[in-house]
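Note: the block below is work-v5.txt and it holds compact mmCIF, N, CA, C and O atoms.
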# COMPACT_ATOMS: atom_id res chain seq x y z
N MET Z 189 -9.61 -6.63 -6.17
CA MET Z 189 -9.33 -7.25 -4.89
C MET Z 189 -8.48 -8.49 -5.12
O MET Z 189 -8.79 -9.32 -5.96
N GLU Z 190 -7.40 -8.59 -4.37
CA GLU Z 190 -6.51 -9.73 -4.50
C GLU Z 190 -7.14 -10.98 -3.91
O GLU Z 190 -7.98 -10.91 -3.03
N ILE Z 191 -6.68 -12.10 -4.39
CA ILE Z 191 -7.18 -13.38 -3.89
C ILE Z 191 -6.52 -13.68 -2.55
O ILE Z 191 -5.31 -13.56 -2.40
N LEU Z 192 -7.32 -14.06 -1.57
CA LEU Z 192 -6.83 -14.39 -0.24
C LEU Z 192 -6.82 -15.90 -0.04
O LEU Z 192 -7.71 -16.60 -0.55
N THR Z 193 -5.86 -16.38 0.72
CA THR Z 193 -5.84 -17.79 1.09
C THR Z 193 -6.96 -18.02 2.11
O THR Z 193 -7.46 -17.05 2.71
N PRO Z 194 -7.35 -19.25 2.35
CA PRO Z 194 -8.41 -19.50 3.34
C PRO Z 194 -8.08 -18.95 4.73
O PRO Z 194 -8.95 -18.39 5.41
N THR Z 195 -6.83 -19.07 5.16
CA THR Z 195 -6.44 -18.55 6.48
C THR Z 195 -6.50 -17.04 6.51
O THR Z 195 -6.98 -16.45 7.49
N GLU Z 196 -6.04 -16.39 5.45
CA GLU Z 196 -6.10 -14.93 5.38
C GLU Z 196 -7.54 -14.44 5.39
O GLU Z 196 -7.88 -13.47 6.07
N LYS Z 197 -8.40 -15.14 4.67
CA LYS Z 197 -9.81 -14.75 4.61
C LYS Z 197 -10.47 -14.91 5.98
O LYS Z 197 -11.23 -14.05 6.41
N THR Z 198 -10.14 -15.99 6.68
CA THR Z 198 -10.70 -16.23 8.02
C THR Z 198 -10.25 -15.14 8.98
O THR Z 198 -11.06 -14.61 9.75
N LEU Z 199 -8.97 -14.80 8.95
CA LEU Z 199 -8.45 -13.75 9.83
C LEU Z 199 -9.07 -12.40 9.48
O LEU Z 199 -9.44 -11.64 10.36
N TYR Z 200 -9.19 -12.10 8.19
CA TYR Z 200 -9.80 -10.84 7.74
C TYR Z 200 -11.23 -10.73 8.27
O TYR Z 200 -11.62 -9.68 8.79
N GLU Z 201 -12.00 -11.79 8.15
CA GLU Z 201 -13.38 -11.78 8.65
C GLU Z 201 -13.43 -11.63 10.16
O GLU Z 201 -14.30 -10.95 10.70
N TYR Z 202 -12.49 -12.26 10.86
CA TYR Z 202 -12.41 -12.16 12.33
C TYR Z 202 -12.15 -10.71 12.75
O TYR Z 202 -12.81 -10.18 13.63
N ILE Z 203 -11.19 -10.06 12.09
CA ILE Z 203 -10.87 -8.67 12.41
C ILE Z 203 -12.02 -7.75 12.03
O ILE Z 203 -12.38 -6.83 12.77
N LYS Z 204 -12.65 -8.00 10.89
CA LYS Z 204 -13.79 -7.19 10.43
C LYS Z 204 -14.94 -7.28 11.42
O LYS Z 204 -15.58 -6.27 11.74
N LYS Z 205 -15.21 -8.47 11.93
CA LYS Z 205 -16.30 -8.69 12.88
C LYS Z 205 -16.00 -7.99 14.21
O LYS Z 205 -16.89 -7.43 14.84
N SER Z 206 -14.73 -8.02 14.63
CA SER Z 206 -14.35 -7.46 15.92
C SER Z 206 -14.16 -5.95 15.89
O SER Z 206 -14.21 -5.31 16.93
N GLY Z 207 -13.87 -5.40 14.75
CA GLY Z 207 -13.62 -3.96 14.65
C GLY Z 207 -12.14 -3.66 14.81
O GLY Z 207 -11.48 -3.28 13.87
N GLU Z 208 -11.63 -3.85 16.01
CA GLU Z 208 -10.20 -3.73 16.26
C GLU Z 208 -9.81 -4.79 17.28
O GLU Z 208 -10.59 -5.11 18.18
N VAL Z 209 -8.64 -5.35 17.12
CA VAL Z 209 -8.19 -6.44 17.98
C VAL Z 209 -6.75 -6.18 18.37
O VAL Z 209 -5.94 -5.78 17.53
N MET Z 210 -6.44 -6.42 19.65
CA MET Z 210 -5.04 -6.35 20.06
C MET Z 210 -4.31 -7.50 19.38
O MET Z 210 -4.84 -8.61 19.29
N THR Z 211 -3.11 -7.24 18.91
CA THR Z 211 -2.38 -8.28 18.18
C THR Z 211 -2.11 -9.50 19.06
O THR Z 211 -2.04 -10.61 18.54
N THR Z 212 -2.00 -9.31 20.36
CA THR Z 212 -1.78 -10.44 21.26
C THR Z 212 -3.05 -11.28 21.46
O THR Z 212 -2.96 -12.41 21.92
N ASN Z 213 -4.21 -10.76 21.10
CA ASN Z 213 -5.47 -11.47 21.27
C ASN Z 213 -5.92 -12.20 20.00
O ASN Z 213 -7.02 -12.76 19.98
N LEU Z 214 -5.12 -12.15 18.94
CA LEU Z 214 -5.47 -12.88 17.73
C LEU Z 214 -5.34 -14.37 17.97
O LEU Z 214 -4.46 -14.80 18.71
N PRO Z 215 -6.19 -15.17 17.36
CA PRO Z 215 -6.07 -16.62 17.50
C PRO Z 215 -4.70 -17.09 17.00
O PRO Z 215 -4.26 -16.67 15.92
N PRO Z 216 -4.01 -17.93 17.78
CA PRO Z 216 -2.64 -18.35 17.43
C PRO Z 216 -2.50 -18.97 16.04
O PRO Z 216 -1.50 -18.74 15.38
N LYS Z 217 -3.48 -19.70 15.60
CA LYS Z 217 -3.38 -20.35 14.29
C LYS Z 217 -3.55 -19.38 13.14
O LYS Z 217 -3.26 -19.71 11.99
N MET Z 218 -4.03 -18.18 13.41
CA MET Z 218 -4.26 -17.20 12.36
C MET Z 218 -3.18 -16.12 12.28
O MET Z 218 -3.14 -15.37 11.31
N THR Z 219 -2.32 -16.03 13.28
CA THR Z 219 -1.34 -14.94 13.31
C THR Z 219 -0.36 -15.00 12.15
O THR Z 219 0.18 -13.97 11.75
N GLY Z 220 -0.13 -16.16 11.58
CA GLY Z 220 0.79 -16.27 10.46
C GLY Z 220 0.30 -15.56 9.21
O GLY Z 220 1.08 -15.19 8.35
N ALA Z 221 -1.00 -15.35 9.09
CA ALA Z 221 -1.58 -14.69 7.93
C ALA Z 221 -1.54 -13.17 8.05
O ALA Z 221 -1.72 -12.47 7.05
N LEU Z 222 -1.27 -12.66 9.23
CA LEU Z 222 -1.30 -11.21 9.46
C LEU Z 222 -0.29 -10.44 8.60
O LEU Z 222 -0.67 -9.44 7.99
N PRO Z 223 0.98 -10.86 8.51
CA PRO Z 223 1.91 -10.09 7.68
C PRO Z 223 1.49 -9.97 6.21
O PRO Z 223 1.68 -8.92 5.60
N MET Z 224 0.90 -11.02 5.66
CA MET Z 224 0.45 -10.96 4.27
C MET Z 224 -0.75 -10.03 4.11
O MET Z 224 -0.85 -9.32 3.10
N LEU Z 225 -1.65 -10.00 5.09
CA LEU Z 225 -2.78 -9.07 5.02
C LEU Z 225 -2.30 -7.62 5.09
O LEU Z 225 -2.84 -6.75 4.42
N ILE Z 226 -1.26 -7.38 5.88
CA ILE Z 226 -0.69 -6.04 5.97
C ILE Z 226 -0.03 -5.69 4.64
O ILE Z 226 -0.22 -4.60 4.09
N LYS Z 227 0.75 -6.63 4.11
CA LYS Z 227 1.46 -6.40 2.85
C LYS Z 227 0.51 -6.15 1.68
O LYS Z 227 0.76 -5.32 0.81
N LYS Z 228 -0.62 -6.87 1.67
CA LYS Z 228 -1.61 -6.71 0.60
C LYS Z 228 -2.47 -5.46 0.81
O LYS Z 228 -3.25 -5.09 -0.07
N GLY Z 229 -2.38 -4.83 1.99
CA GLY Z 229 -3.10 -3.58 2.23
C GLY Z 229 -4.51 -3.74 2.76
O GLY Z 229 -5.29 -2.79 2.71
N PHE Z 230 -4.85 -4.91 3.28
CA PHE Z 230 -6.21 -5.11 3.80
C PHE Z 230 -6.36 -4.64 5.25
O PHE Z 230 -7.44 -4.23 5.65
N VAL Z 231 -5.29 -4.74 6.04
CA VAL Z 231 -5.36 -4.35 7.44
C VAL Z 231 -4.18 -3.44 7.77
O VAL Z 231 -3.21 -3.36 7.02
N GLU Z 232 -4.29 -2.75 8.91
CA GLU Z 232 -3.21 -1.90 9.37
C GLU Z 232 -3.01 -2.11 10.86
O GLU Z 232 -3.95 -2.43 11.59
N ILE Z 233 -1.78 -1.93 11.29
CA ILE Z 233 -1.45 -2.03 12.71
C ILE Z 233 -1.19 -0.62 13.21
O ILE Z 233 -0.55 0.19 12.54
N TYR Z 234 -1.70 -0.32 14.38
CA TYR Z 234 -1.47 0.98 15.00
C TYR Z 234 -1.29 0.78 16.49
O TYR Z 234 -1.66 -0.25 17.04
N LYS Z 235 -0.70 1.77 17.14
CA LYS Z 235 -0.48 1.71 18.58
C LYS Z 235 -1.45 2.64 19.28
O LYS Z 235 -1.74 3.73 18.79
N LYS Z 236 -1.95 2.18 20.43
CA LYS Z 236 -2.94 2.95 21.16
C LYS Z 236 -2.67 2.80 22.66
O LYS Z 236 -2.36 1.71 23.12
N GLN Z 237 -2.80 3.88 23.37
CA GLN Z 237 -2.64 3.85 24.83
C GLN Z 237 -3.92 3.30 25.42
O GLN Z 237 -5.00 3.84 25.18
N THR Z 238 -3.82 2.24 26.21
CA THR Z 238 -5.02 1.61 26.75
C THR Z 238 -5.30 1.99 28.19
O THR Z 238 -6.42 1.87 28.66
N GLU Z 239 -4.27 2.44 28.90
CA GLU Z 239 -4.43 2.83 30.30
C GLU Z 239 -3.97 4.27 30.47
O GLU Z 239 -2.84 4.61 30.09
N PRO Z 240 -4.82 5.14 31.01
CA PRO Z 240 -4.47 6.57 31.09
C PRO Z 240 -3.25 6.87 31.96
O PRO Z 240 -2.56 7.85 31.74
N TRP Z 241 -2.94 6.04 32.93
CA TRP Z 241 -1.83 6.31 33.84
C TRP Z 241 -0.51 5.69 33.35
O TRP Z 241 0.54 5.92 33.93
N SER Z 242 -0.55 4.94 32.29
CA SER Z 242 0.66 4.30 31.76
C SER Z 242 1.02 4.89 30.41
O SER Z 242 0.15 5.16 29.60
N LYS Z 243 2.32 5.06 30.17
CA LYS Z 243 2.74 5.60 28.88
C LYS Z 243 2.89 4.51 27.83
O LYS Z 243 3.09 4.81 26.66
N LYS Z 244 2.78 3.26 28.24
CA LYS Z 244 2.92 2.17 27.29
C LYS Z 244 1.75 2.14 26.32
O LYS Z 244 0.61 2.39 26.70
N LYS Z 245 2.07 1.83 25.07
CA LYS Z 245 1.04 1.71 24.05
C LYS Z 245 1.01 0.26 23.59
O LYS Z 245 2.04 -0.40 23.52
N LYS Z 246 -0.18 -0.22 23.29
CA LYS Z 246 -0.34 -1.60 22.82
C LYS Z 246 -0.67 -1.59 21.34
O LYS Z 246 -1.25 -0.64 20.83
N ARG Z 247 -0.30 -2.67 20.67
CA ARG Z 247 -0.51 -2.77 19.22
C ARG Z 247 -1.89 -3.37 18.93
O ARG Z 247 -2.26 -4.39 19.49
N PHE Z 248 -2.60 -2.70 18.03
CA PHE Z 248 -3.92 -3.14 17.59
C PHE Z 248 -3.90 -3.31 16.08
O PHE Z 248 -3.10 -2.70 15.38
N VAL Z 249 -4.81 -4.11 15.59
CA VAL Z 249 -4.96 -4.29 14.15
C VAL Z 249 -6.43 -4.02 13.79
O VAL Z 249 -7.34 -4.33 14.56
N ARG Z 250 -6.63 -3.38 12.64
CA ARG Z 250 -8.00 -3.08 12.18
C ARG Z 250 -8.01 -3.12 10.65
O ARG Z 250 -6.96 -3.08 9.99
N ILE Z 251 -9.21 -3.19 10.10
CA ILE Z 251 -9.38 -3.19 8.66
C ILE Z 251 -9.01 -1.79 8.14
O ILE Z 251 -9.42 -0.79 8.71
N LYS Z 252 -8.24 -1.78 7.09
CA LYS Z 252 -7.80 -0.51 6.52
C LYS Z 252 -8.97 0.15 5.80
O LYS Z 252 -9.64 -0.48 4.98
N SER Z 253 -9.24 1.40 6.14
CA SER Z 253 -10.34 2.11 5.49
C SER Z 253 -9.90 2.58 4.10
O SER Z 253 -8.78 3.01 3.90
N SER Z 254 -10.81 2.49 3.15
CA SER Z 254 -10.48 2.84 1.76
C SER Z 254 -10.55 4.32 1.54
O SER Z 254 -11.33 5.02 1.98

Could I get this file's structure written as structure tokens?
Amino acid sequence: MEILTPTEKTLYEYIKKSGEVMTTNLPPKMTGALPMLIKKGFVEIYKKQTEPWSKKKKRFVRIKSS
């Protein structure tokens, strides 16, 4: 397991506790750590349709399953 910075660790724990989080709902001070967590392979971003009548998909982030 790679070493995480304090901000990356805080964000990782936040996402782990929440299960899945919309990227727009992440705490503003933690969003800077998201690209590094993706690059290190700890989390993944995926798109999901949230409203059945709309074709728009929203971006979510979740812990990457091993």

Fill in the blank from the handout: Students should find that atom CA of Met224 of chain Z and atom CA of Lys236 of chain Z are spaced 22.1 Å

Practice task
Pull the helix (DSSP H, G or I) assignments for chain Z out of DSSP run on the backbone, and list those residues as a ChimeraX atom specification.
Solution key: /Z:194-206,211-213,219-228

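Nearest-residue note for Val249 of chain Z: choosing from Z:Leu225, Z:Ile233, Z:Leu214, Z:Ile191, the minimum distance belongs to Z:Ile233, counting all atoms listed in the file.
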
Exercise for the section: Take atom C of Ile251 of chain Z and atom O of Gly207 of chain Z and report the distance between them in Å, one decimal. Expected result: 6.4 Å

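Nearest-residue note for Ile203 of chain Z: choosing from Z:Met218, Z:Tyr234, Z:Lys243, Z:Arg250, the minimum distance belongs to Z:Arg250, counting all atoms listed in the file.
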
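With all atoms listed in the file as the atoms that count, the minimum distance from Lys217 of chain Z to the choices Z:Pro240, Z:Glu196, Z:Lys252, Z:Lys246 is reached by Z:Glu196.
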
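The two atoms in question, atom CA of Ser206 of chain Z and atom CA of Trp241 of chain Z, are spaced 25.8 Å apart.
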
Handout entry: Those in chain Z with strand (DSSP E or B) from DSSP, as a PyMOL selection string
Key = chain Z and resi 208-210+231-237+245-251

Handout entry: Closest of Z:Glu232, Z:Lys245, Z:Thr238, Z:Thr193 to Glu208 of chain Z - atom-to-atom distances counting all atoms listed in the file
Key = Z:Glu232

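For the choices Z:Phe248, Z:Leu199, Z:Ser253, Z:Val209, the atom-to-atom distance to Ala221 of chain Z is smallest for Z:Leu199 when using all atoms listed in the file.
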